[in-house]
Number of protein chains: 2
Amino acid sequence: MSLEDLQKIAPTSTDSADLKKYGKDWSMNFEANASAVVFPRSGEEVQQIVKWAIQSKTALVPSGGRTGLSSAATATEKEVVVSFEKMNAIIDFDPIDQVVTVQPGVITEDLHNFVEDKGYFFPIDLAAKGSCHIGGNVATNAGGLRVLRYGMMRDWVTGLKVVTGTGESLYLNKSLVKNATGYDFRNLFIGSEGTLGLITEVELRVTQKPALTRVTVLGLEELRHVTSVYQHFRQATQLSACEVFSEFAIQKVIDMHGLQRPFETRAPFYLLLETEHSQGEDESLLMEPFEACFAQGWISDGVISQSPLQAKSLWNLREFISESLSPLSPYRNDVSVRTSRIADFVVEIEEAYKQQYPDFEVAWFGHIGDGNLHIDILKPQSMDKTDFIKKCKQADHTLFSIVQKFEGSISAEHGVGLLKKDFLDRSRSTAEIQLMREIKKIFDPHHLMNPGKIFTIG
Amino acid sequence: MSLEDLQKIAPTSTDSADLKKYGKDWSMNFEANASAVVFPRSGEEVQQIVKWAIQSKTALVPSGGRTGLSSAATATEKEVVVSFEKMNAIIDFDPIDQVVTVQPGVITEDLHNFVEDKGYFFPIDLAAKGSCHIGGNVATNAGGLRVLRYGMMRDWVTGLKVVTGTGESLYLNKSLVKNATGYDFRNLFIGSEGTLGLITEVELRVTQKPALTRVTVLGLEELRHVTSVYQHFRQATQLSACEVFSEFAIQKVIDMHGLQRPFETRAPFYLLLETEHSQGEDESLLMEPFEACFAQGWISDGVISQSPLQAKSLWNLREFISESLSPLSPYRNDVSVRTSRIADFVVEIEEAYKQQYPDFEVAWFGHIGDGNLHIDILKPQSMDKTDFIKKCKQADHTLFSIVQKFEGSISAEHGVGLLKKDFLDRSRSTAEIQLMREIKKIFDPHHLMNPGKIFTIG
């Protein structure tokens, strides 16, 4: 079986620009080294591609919107990239089941718009939504901004069609709400980063859009009060997001985008809270926890959005952080612990960094209600880039040891890919990693499905 | 390794009354034939029991509240039963994580009460809640009455400690909200009916209790209108349950429990809707869909609860059905399809039964919003019991073929166990069943964890 045979199945490119473009994701750590890119247009073509791969002993790397940050969608070993770009049809919407059926290459934001036009709401919302694909969201179990209220991608997938590494096509769970018939393979595929097979169709639940949302931004003098404030608002309101960021991070956003400060008083940390309200409900519900937190001295100032426009511009303060930091060549990490431990966790990392890496400047931001913290280390201007990355990689050992001590996750929502596989044992036991290897062998006995990602077959 | 060695690990009984009691669940199809019952008190003891089982080549059957209906918790082959009755401690509650940690032997209703005392709500609610165990709820992925709004047990398990068939102890997901570190074994264990290992600790998410719930009961002239009525109420209200039952079923409840009819007008079918409301919200929200459905001629009469007491007594009409039918020796089935297909599905089964089994009297009831239907065939008084069961087993072939045609589930929430394993291929493909066998071999290479349940190792 040759590349010519592959070309007979679906459009295939070996053009060097395509190999470069489709050969990697947003992560910067590994260079693309693909042998070809194939663009299937249907589940049947995907199945034929897998059969071709088995016969020609060629490894496959699935590729969606290429917004991944852990090099799970990066071909470094002359693999053939399977791009889902041409499988971007919204197939069906059933208003009684409230289920939408899509091909994996549908862009997340296109799904949002389609569902909104039907009068419904799909709540998985992440910064990359304008580029990322639904298939990639499933393969990495995407999270994002509203996990606190709506859970992860896992919680919205009702059915899944996949082709395993044996070329077998499976239709998992068939969008049944109740289905007690043995092992749940749907959840095994969700978050498996393409290592068990390729996703060819996704069925997703949708829900009702909240009547009204408001955004509150608060200034905090000390990070350790963050959980108390979170807890007060959570009990008094229907909280749909709770984000934290530092003055350092917000200043970068203001500088780059010319946005207004949320209020005059500066604070070392800010908390952004999104709450859901019934139609016509005024902001009085928010005043009670606001005043209680103010009386405790936990917050120094605050603002509540008075219009959807103001809500959007307050959200921008948080959503633009990642982009605003990019010119500073940040070294990024994405970790999580149980929410109750997040304050102690941050304090311990801060102290360790201060002691071991006093010249690091760190931008902290994240999803407090999910125990999820993004840590961007910024390169000191005086430091050479290679030295900086080397130092950051050393610092990862410190960080991941603290994650392990707190029983946390070395990757909250960015996956493992190639980037973090050497640290997988900080979050998963040796026994678990061995079980993963054996499960991969069952679904992918020829070892052709995104090999080398998450873990190395021993 | 002998039974004496087992006794050194944990209290063990070979008393014939115990063997009979702990040897089976509520299902009536298989006789208990256990060799011993062991009562571990901790995860460490469970681990030692599994190691003993490996050395003595003894199969283990886990046993919770024994309310199962598919003989998954039935020992028919001289297995040792592992009862979790003594592992019934509530270990911890964290109000920031909103996570409660329990041993698997905690009775579901005890958990409800504990959580309510703390000011929270655990929504998995099923008829057997006074007897069933949390561990059993996890092992069978329990559903129940409020799945429409709150999902299945799967959606509430944040962490799981298990001992696999190799005697290895695993701590799965550690109650992390976000954790993108490879394959999700937590969801693989949920619903695996003890065939991969034993559950030793469960961490569960809790939520806020709704301020106010109301119950509406409606009379329907024709079953085919059920989806339209459901859809109208779902769009206008926060629906938390939607149950359907026949006049035949309700009459049995009224006869046995002396309950009042919901209203004077009799109808062939009834729909019970539970809705959630904010504090002080009156019933006007319910009037709009009520009047719309009435104007369409879909409903003939209805009642809305005016107090929690009335809500409870309307619920009783539905909750007592199963018990009220028991004296009539019903042959029970529990199947599901996508909600959008349920009306067509019922019509097709009814027609097939009428043609092939004209003397069957069938009580229909179920959870419409979940596509889940309970079908109780009642023994005609003139028919011999053995003949009746034989006929019902024949009828199962008809039923499950229709389930397969509608891409439904042969077991919506009762599991597969011994009872339905011969029909597993009506809901899962040959490839899927083979994958299940291979996965079991990984977690249970000695084939000692509840062997023979769900599927037969080929």
# chains A, B, ... in the order shown; residues from 1 in each chain; ligands from 1
>>> interface_residues(of="chain A", to="chain B", cutoff="6 Å", atoms="only C-alpha atoms", output="ChimeraX atom specification")
/A:96-97,176-184,188,192,338-340,370,409,411-413,415-416
>>> select_by_dssp(residues="stretch 334-427 of chain B", states="strand (DSSP E or B)", output="short mmCIF file (atom, residue, chain, number, x, y, z; two decimals) with N, CA, C and O atoms, in the first residue's frame")
data_model
loop_
_atom_site.label_atom_id
_atom_site.label_comp_id
_atom_site.auth_asym_id
_atom_site.auth_seq_id
_atom_site.Cartn_x
_atom_site.Cartn_y
_atom_site.Cartn_z
N ASP B 334 -37.15 -3.47 31.50
CA ASP B 334 -36.73 -2.09 31.68
C ASP B 334 -35.87 -1.74 30.47
O ASP B 334 -34.74 -2.17 30.38
N VAL B 335 -36.45 -1.02 29.54
CA VAL B 335 -35.75 -0.74 28.28
C VAL B 335 -35.77 0.76 27.99
O VAL B 335 -36.50 1.51 28.65
N SER B 336 -34.96 1.19 27.05
CA SER B 336 -34.98 2.61 26.69
C SER B 336 -34.68 2.82 25.22
O SER B 336 -34.06 1.98 24.57
N GLU B 361 -51.67 -9.04 29.80
CA GLU B 361 -52.10 -7.74 30.29
C GLU B 361 -50.82 -7.00 30.68
O GLU B 361 -50.01 -7.53 31.44
N VAL B 362 -50.64 -5.80 30.15
CA VAL B 362 -49.36 -5.11 30.33
C VAL B 362 -49.56 -3.79 31.08
O VAL B 362 -50.42 -2.99 30.71
N ALA B 363 -48.78 -3.60 32.14
CA ALA B 363 -48.76 -2.30 32.83
C ALA B 363 -47.55 -1.52 32.33
O ALA B 363 -46.41 -1.95 32.48
N TRP B 364 -47.81 -0.37 31.72
CA TRP B 364 -46.75 0.49 31.19
C TRP B 364 -46.51 1.62 32.19
O TRP B 364 -47.44 2.26 32.63
N PHE B 365 -45.28 1.88 32.49
CA PHE B 365 -44.95 3.11 33.21
C PHE B 365 -43.47 3.41 32.98
O PHE B 365 -42.74 2.54 32.52
N GLY B 366 -43.09 4.64 33.26
CA GLY B 366 -41.69 4.93 33.00
C GLY B 366 -41.37 6.40 33.03
O GLY B 366 -42.21 7.23 33.35
N HIS B 367 -40.12 6.66 32.70
CA HIS B 367 -39.56 8.00 32.75
C HIS B 367 -39.50 8.53 31.32
O HIS B 367 -38.53 8.29 30.60
N ASN B 372 -37.16 6.06 28.93
CA ASN B 372 -37.05 4.82 29.70
C ASN B 372 -38.43 4.29 30.06
O ASN B 372 -39.23 4.97 30.67
N LEU B 373 -38.68 3.04 29.65
CA LEU B 373 -39.99 2.44 29.83
C LEU B 373 -39.89 1.16 30.65
O LEU B 373 -39.06 0.30 30.38
N HIS B 374 -40.72 1.07 31.69
CA HIS B 374 -40.84 -0.19 32.42
C HIS B 374 -42.07 -0.92 31.90
O HIS B 374 -43.14 -0.34 31.81
N ILE B 375 -41.88 -2.16 31.53
CA ILE B 375 -42.98 -2.96 30.96
C ILE B 375 -43.21 -4.15 31.88
O ILE B 375 -42.37 -5.04 31.97
N ASP B 376 -44.32 -4.15 32.60
CA ASP B 376 -44.65 -5.27 33.48
C ASP B 376 -45.77 -6.09 32.85
O ASP B 376 -46.90 -5.62 32.73
N ILE B 377 -45.45 -7.30 32.46
CA ILE B 377 -46.49 -8.19 31.93
C ILE B 377 -47.10 -8.94 33.11
O ILE B 377 -46.37 -9.51 33.93
N LEU B 378 -48.44 -8.93 33.20
CA LEU B 378 -49.10 -9.56 34.35
C LEU B 378 -49.62 -10.94 33.95
O LEU B 378 -50.14 -11.13 32.84
N SER B 409 -31.80 0.46 24.29
CA SER B 409 -31.04 -0.31 25.28
C SER B 409 -31.92 -1.40 25.87
O SER B 409 -33.03 -1.14 26.33
#
>>> closest_residue(among="A:Leu212, A:Leu223, A:Ala127, A:Val157", to="A:Thr67", atoms="only C-alpha atoms")
A:Ala127
>>> atom_distance(atom1="atom CA of A:Pro123", atom2="atom CA of B:Pro123")
21.6 Å
>>> residues_around(residues="stretch 381-395 of chain A", least_positions_apart="4", cutoff="12 Å", atoms="only C-alpha atoms", output="ChimeraX atom specification")
/A:28-29,327-333,349-350,352-362,375-377,399-402,419-420,422-423
>>> atom_distance(atom1="atom CA of A:Leu220", atom2="atom CA of A:Val244")
9.7 Å
>>> residues_around(residues="B:Glu323", least_positions_apart="2", cutoff="10 Å", atoms="only C-alpha atoms", output="list in words")
Ala127, Lys252, Val253, Met256, Glu319, Phe320, Ile321, Leu325, Ser326, Pro327 and Leu328 of chain B
>>> closest_residue(among="A:Arg149, A:His133, A:Lys20, A:Lys118", to="A:Ala34", atoms="only C-alpha atoms")
A:Lys20
>>> select_by_dssp(residues="stretch 142-380 of chain A", states="helix (DSSP H, G or I)", output="count of residues only")
91
>>> residues_around(residues="B:Gly194", least_positions_apart="5", cutoff="10 Å", atoms="only C-alpha atoms", output="short mmCIF file (atom, residue, chain, number, x, y, z; two decimals) with N, CA, C and O atoms, in the first residue's frame")
data_model
loop_
_atom_site.label_atom_id
_atom_site.label_comp_id
_atom_site.auth_asym_id
_atom_site.auth_seq_id
_atom_site.Cartn_x
_atom_site.Cartn_y
_atom_site.Cartn_z
N LEU B 60 -15.26 -14.02 43.44
CA LEU B 60 -15.94 -13.14 44.39
C LEU B 60 -17.17 -12.48 43.74
O LEU B 60 -17.11 -12.08 42.58
N VAL B 61 -18.24 -12.36 44.52
CA VAL B 61 -19.43 -11.63 44.06
C VAL B 61 -19.68 -10.48 45.03
O VAL B 61 -19.92 -10.70 46.22
N PRO B 62 -19.60 -9.22 44.55
CA PRO B 62 -19.88 -8.10 45.46
C PRO B 62 -21.37 -8.00 45.76
O PRO B 62 -22.20 -8.30 44.91
N SER B 63 -21.68 -7.55 46.99
CA SER B 63 -23.08 -7.47 47.40
C SER B 63 -23.32 -6.19 48.19
O SER B 63 -22.63 -5.91 49.16
N ALA B 72 -27.02 -9.46 39.05
CA ALA B 72 -25.59 -9.15 39.02
C ALA B 72 -24.96 -9.46 40.37
O ALA B 72 -23.80 -9.85 40.46
N ALA B 73 -25.74 -9.31 41.46
CA ALA B 73 -25.25 -9.58 42.81
C ALA B 73 -25.79 -10.92 43.31
O ALA B 73 -26.26 -11.05 44.43
N GLY B 135 -22.40 2.07 46.80
CA GLY B 135 -21.49 1.25 45.99
C GLY B 135 -22.23 0.54 44.86
O GLY B 135 -21.76 0.50 43.73
N GLY B 136 -23.41 0.01 45.17
CA GLY B 136 -24.24 -0.64 44.15
C GLY B 136 -24.76 0.36 43.13
O GLY B 136 -24.81 0.07 41.94
N VAL B 138 -23.21 2.96 42.16
CA VAL B 138 -22.08 3.25 41.27
C VAL B 138 -21.84 2.07 40.32
O VAL B 138 -21.69 2.25 39.10
N ALA B 139 -21.84 0.86 40.88
CA ALA B 139 -21.53 -0.34 40.09
C ALA B 139 -22.55 -0.57 38.98
O ALA B 139 -22.25 -1.20 37.96
N THR B 140 -23.78 -0.07 39.17
CA THR B 140 -24.82 -0.25 38.15
C THR B 140 -25.19 1.05 37.45
O THR B 140 -26.11 1.09 36.66
N THR B 164 -8.63 -3.71 41.97
CA THR B 164 -8.85 -4.49 40.74
C THR B 164 -8.65 -5.99 41.03
O THR B 164 -8.25 -6.38 42.12
N GLY B 165 -8.88 -6.78 40.01
CA GLY B 165 -8.73 -8.23 40.13
C GLY B 165 -7.30 -8.70 40.30
O GLY B 165 -7.05 -9.88 40.55
N PHE B 189 -15.28 1.94 35.50
CA PHE B 189 -15.77 1.17 36.65
C PHE B 189 -17.26 1.43 36.90
O PHE B 189 -17.98 0.53 37.32
N ILE B 199 -15.33 -1.76 44.57
CA ILE B 199 -15.29 -0.35 44.96
C ILE B 199 -15.10 -0.26 46.47
O ILE B 199 -15.83 -0.89 47.24
N GLY B 417 -26.23 -8.14 34.34
CA GLY B 417 -26.08 -9.26 35.26
C GLY B 417 -26.09 -10.60 34.57
O GLY B 417 -25.45 -10.79 33.52
N MET B 449 -13.44 -11.71 39.43
CA MET B 449 -14.30 -10.59 39.82
C MET B 449 -15.68 -10.77 39.19
O MET B 449 -15.87 -10.51 38.00
N ASN B 450 -16.63 -11.21 39.97
CA ASN B 450 -18.01 -11.40 39.52
C ASN B 450 -18.08 -12.04 38.13
O ASN B 450 -18.75 -11.52 37.22
N PRO B 451 -17.42 -13.20 37.95
CA PRO B 451 -17.34 -13.79 36.62
C PRO B 451 -18.71 -14.22 36.09
O PRO B 451 -19.58 -14.59 36.86
N LYS B 453 -20.95 -12.41 34.74
CA LYS B 453 -21.94 -11.35 34.69
C LYS B 453 -21.70 -10.45 33.45
O LYS B 453 -20.56 -10.31 33.02
N ILE B 454 -22.75 -9.89 32.93
CA ILE B 454 -22.78 -9.02 31.74
C ILE B 454 -22.53 -9.82 30.44
O ILE B 454 -23.29 -9.76 29.51
#
>>> closest_residue(among="B:Thr166, B:Thr207, B:Val81, B:Ile299", to="B:Ile54", atoms="only C-alpha atoms")
B:Thr166
>>> closest_atom_pairs(of="stretch 197-267 of chain A", to="stretch 83-88 of chain A", cutoff="12 Å", atoms="only C-alpha atoms", output="tab-separated table")
residue	atom	partner	partner_atom	distance
A:Leu198	CA	A:Phe84	CA	10.0
A:Ile199	CA	A:Phe84	CA	9.5
A:Thr200	CA	A:Met87	CA	8.4
A:Glu201	CA	A:Met87	CA	9.2
A:Val202	CA	A:Asn88	CA	11.3
>>> atom_distance(atom1="atom CA of B:His277", atom2="atom CA of B:Lys312")
16.2 Å
>>> decode(residues="stretch 246-260 of chain A", atoms="all heavy atoms", output="short mmCIF file (atom, residue, chain, number, x, y, z; two decimals), in the first residue's frame")
data_model
loop_
_atom_site.label_atom_id
_atom_site.label_comp_id
_atom_site.auth_asym_id
_atom_site.auth_seq_id
_atom_site.Cartn_x
_atom_site.Cartn_y
_atom_site.Cartn_z
N SER A 246 -4.32 38.23 38.26
CA SER A 246 -3.54 39.18 39.06
C SER A 246 -3.54 40.56 38.41
O SER A 246 -3.82 40.72 37.22
CB SER A 246 -2.11 38.66 39.20
OG SER A 246 -1.54 38.50 37.92
N GLU A 247 -3.20 41.59 39.20
CA GLU A 247 -3.05 42.96 38.69
C GLU A 247 -2.04 42.98 37.54
O GLU A 247 -2.25 43.64 36.52
CB GLU A 247 -2.60 43.88 39.84
CG GLU A 247 -2.04 45.24 39.45
CD GLU A 247 -3.03 46.19 38.76
OE1 GLU A 247 -4.25 46.01 38.95
OE2 GLU A 247 -2.57 47.08 38.02
N PHE A 248 -0.97 42.21 37.70
CA PHE A 248 0.05 42.12 36.67
C PHE A 248 -0.56 41.69 35.33
O PHE A 248 -0.29 42.27 34.28
CB PHE A 248 1.11 41.10 37.12
CG PHE A 248 2.21 40.89 36.13
CD1 PHE A 248 3.28 41.77 36.07
CD2 PHE A 248 2.16 39.82 35.26
CE1 PHE A 248 4.30 41.57 35.14
CE2 PHE A 248 3.18 39.62 34.32
CZ PHE A 248 4.24 40.51 34.27
N ALA A 249 -1.44 40.66 35.39
CA ALA A 249 -2.07 40.14 34.17
C ALA A 249 -3.03 41.15 33.57
O ALA A 249 -3.05 41.39 32.36
CB ALA A 249 -2.78 38.82 34.48
N ILE A 250 -3.84 41.77 34.42
CA ILE A 250 -4.84 42.74 33.94
C ILE A 250 -4.16 43.96 33.32
O ILE A 250 -4.63 44.52 32.32
CB ILE A 250 -5.80 43.12 35.10
CG1 ILE A 250 -7.18 43.53 34.54
CG2 ILE A 250 -5.29 44.26 35.92
CD1 ILE A 250 -8.15 43.91 35.66
N GLN A 251 -3.04 44.38 33.88
CA GLN A 251 -2.33 45.55 33.35
C GLN A 251 -1.85 45.28 31.92
O GLN A 251 -1.90 46.15 31.06
CB GLN A 251 -1.16 45.91 34.28
CG GLN A 251 -0.44 47.20 33.90
CD GLN A 251 -1.36 48.42 33.97
OE1 GLN A 251 -2.00 48.67 35.00
NE2 GLN A 251 -1.48 49.18 32.87
N LYS A 252 -1.41 44.04 31.69
CA LYS A 252 -0.96 43.67 30.34
C LYS A 252 -2.12 43.78 29.35
O LYS A 252 -1.95 44.26 28.23
CB LYS A 252 -0.43 42.22 30.33
CG LYS A 252 0.84 42.01 31.14
CD LYS A 252 2.05 42.66 30.48
CE LYS A 252 3.24 42.65 31.40
NZ LYS A 252 4.11 43.83 31.26
N VAL A 253 -3.31 43.33 29.76
CA VAL A 253 -4.49 43.40 28.89
C VAL A 253 -4.85 44.86 28.60
O VAL A 253 -5.12 45.23 27.46
CB VAL A 253 -5.68 42.68 29.55
CG1 VAL A 253 -6.95 42.87 28.73
CG2 VAL A 253 -5.39 41.19 29.71
N ILE A 254 -4.84 45.68 29.65
CA ILE A 254 -5.18 47.10 29.50
C ILE A 254 -4.19 47.80 28.56
O ILE A 254 -4.58 48.53 27.66
CB ILE A 254 -5.23 47.77 30.90
CG1 ILE A 254 -6.44 47.25 31.67
CG2 ILE A 254 -5.27 49.30 30.77
CD1 ILE A 254 -6.44 47.58 33.15
N ASP A 255 -2.91 47.48 28.75
CA ASP A 255 -1.88 48.08 27.89
C ASP A 255 -2.07 47.69 26.43
O ASP A 255 -1.96 48.52 25.53
CB ASP A 255 -0.48 47.62 28.34
CG ASP A 255 -0.09 48.23 29.68
OD1 ASP A 255 -0.79 49.16 30.13
OD2 ASP A 255 0.90 47.76 30.28
N MET A 256 -2.33 46.42 26.19
CA MET A 256 -2.40 45.96 24.81
C MET A 256 -3.71 46.33 24.12
O MET A 256 -3.71 46.69 22.95
CB MET A 256 -2.20 44.44 24.74
CG MET A 256 -2.28 43.91 23.30
SD MET A 256 -2.06 42.14 23.20
CE MET A 256 -0.31 42.03 22.85
N HIS A 257 -4.83 46.24 24.85
CA HIS A 257 -6.13 46.42 24.20
C HIS A 257 -6.80 47.76 24.51
O HIS A 257 -7.89 48.02 24.03
CB HIS A 257 -7.07 45.27 24.61
CG HIS A 257 -6.64 43.94 24.07
ND1 HIS A 257 -7.00 43.50 22.83
CD2 HIS A 257 -5.84 42.97 24.59
CE1 HIS A 257 -6.45 42.30 22.61
NE2 HIS A 257 -5.74 41.96 23.68
N GLY A 258 -6.13 48.58 25.33
CA GLY A 258 -6.72 49.87 25.67
C GLY A 258 -8.05 49.76 26.38
O GLY A 258 -8.92 50.62 26.22
N LEU A 259 -8.24 48.68 27.12
CA LEU A 259 -9.50 48.52 27.87
C LEU A 259 -9.48 49.40 29.13
O LEU A 259 -8.42 49.79 29.62
CB LEU A 259 -9.69 47.06 28.30
CG LEU A 259 -9.85 46.03 27.19
CD1 LEU A 259 -10.05 44.65 27.81
CD2 LEU A 259 -11.05 46.36 26.31
N GLN A 260 -10.69 49.67 29.64
CA GLN A 260 -10.82 50.41 30.91
C GLN A 260 -10.58 49.48 32.09
O GLN A 260 -10.93 48.30 32.04
CB GLN A 260 -12.23 50.97 31.03
CG GLN A 260 -12.40 52.33 30.38
CD GLN A 260 -13.66 52.99 30.88
OE1 GLN A 260 -14.73 52.40 30.79
NE2 GLN A 260 -13.53 54.20 31.43
#
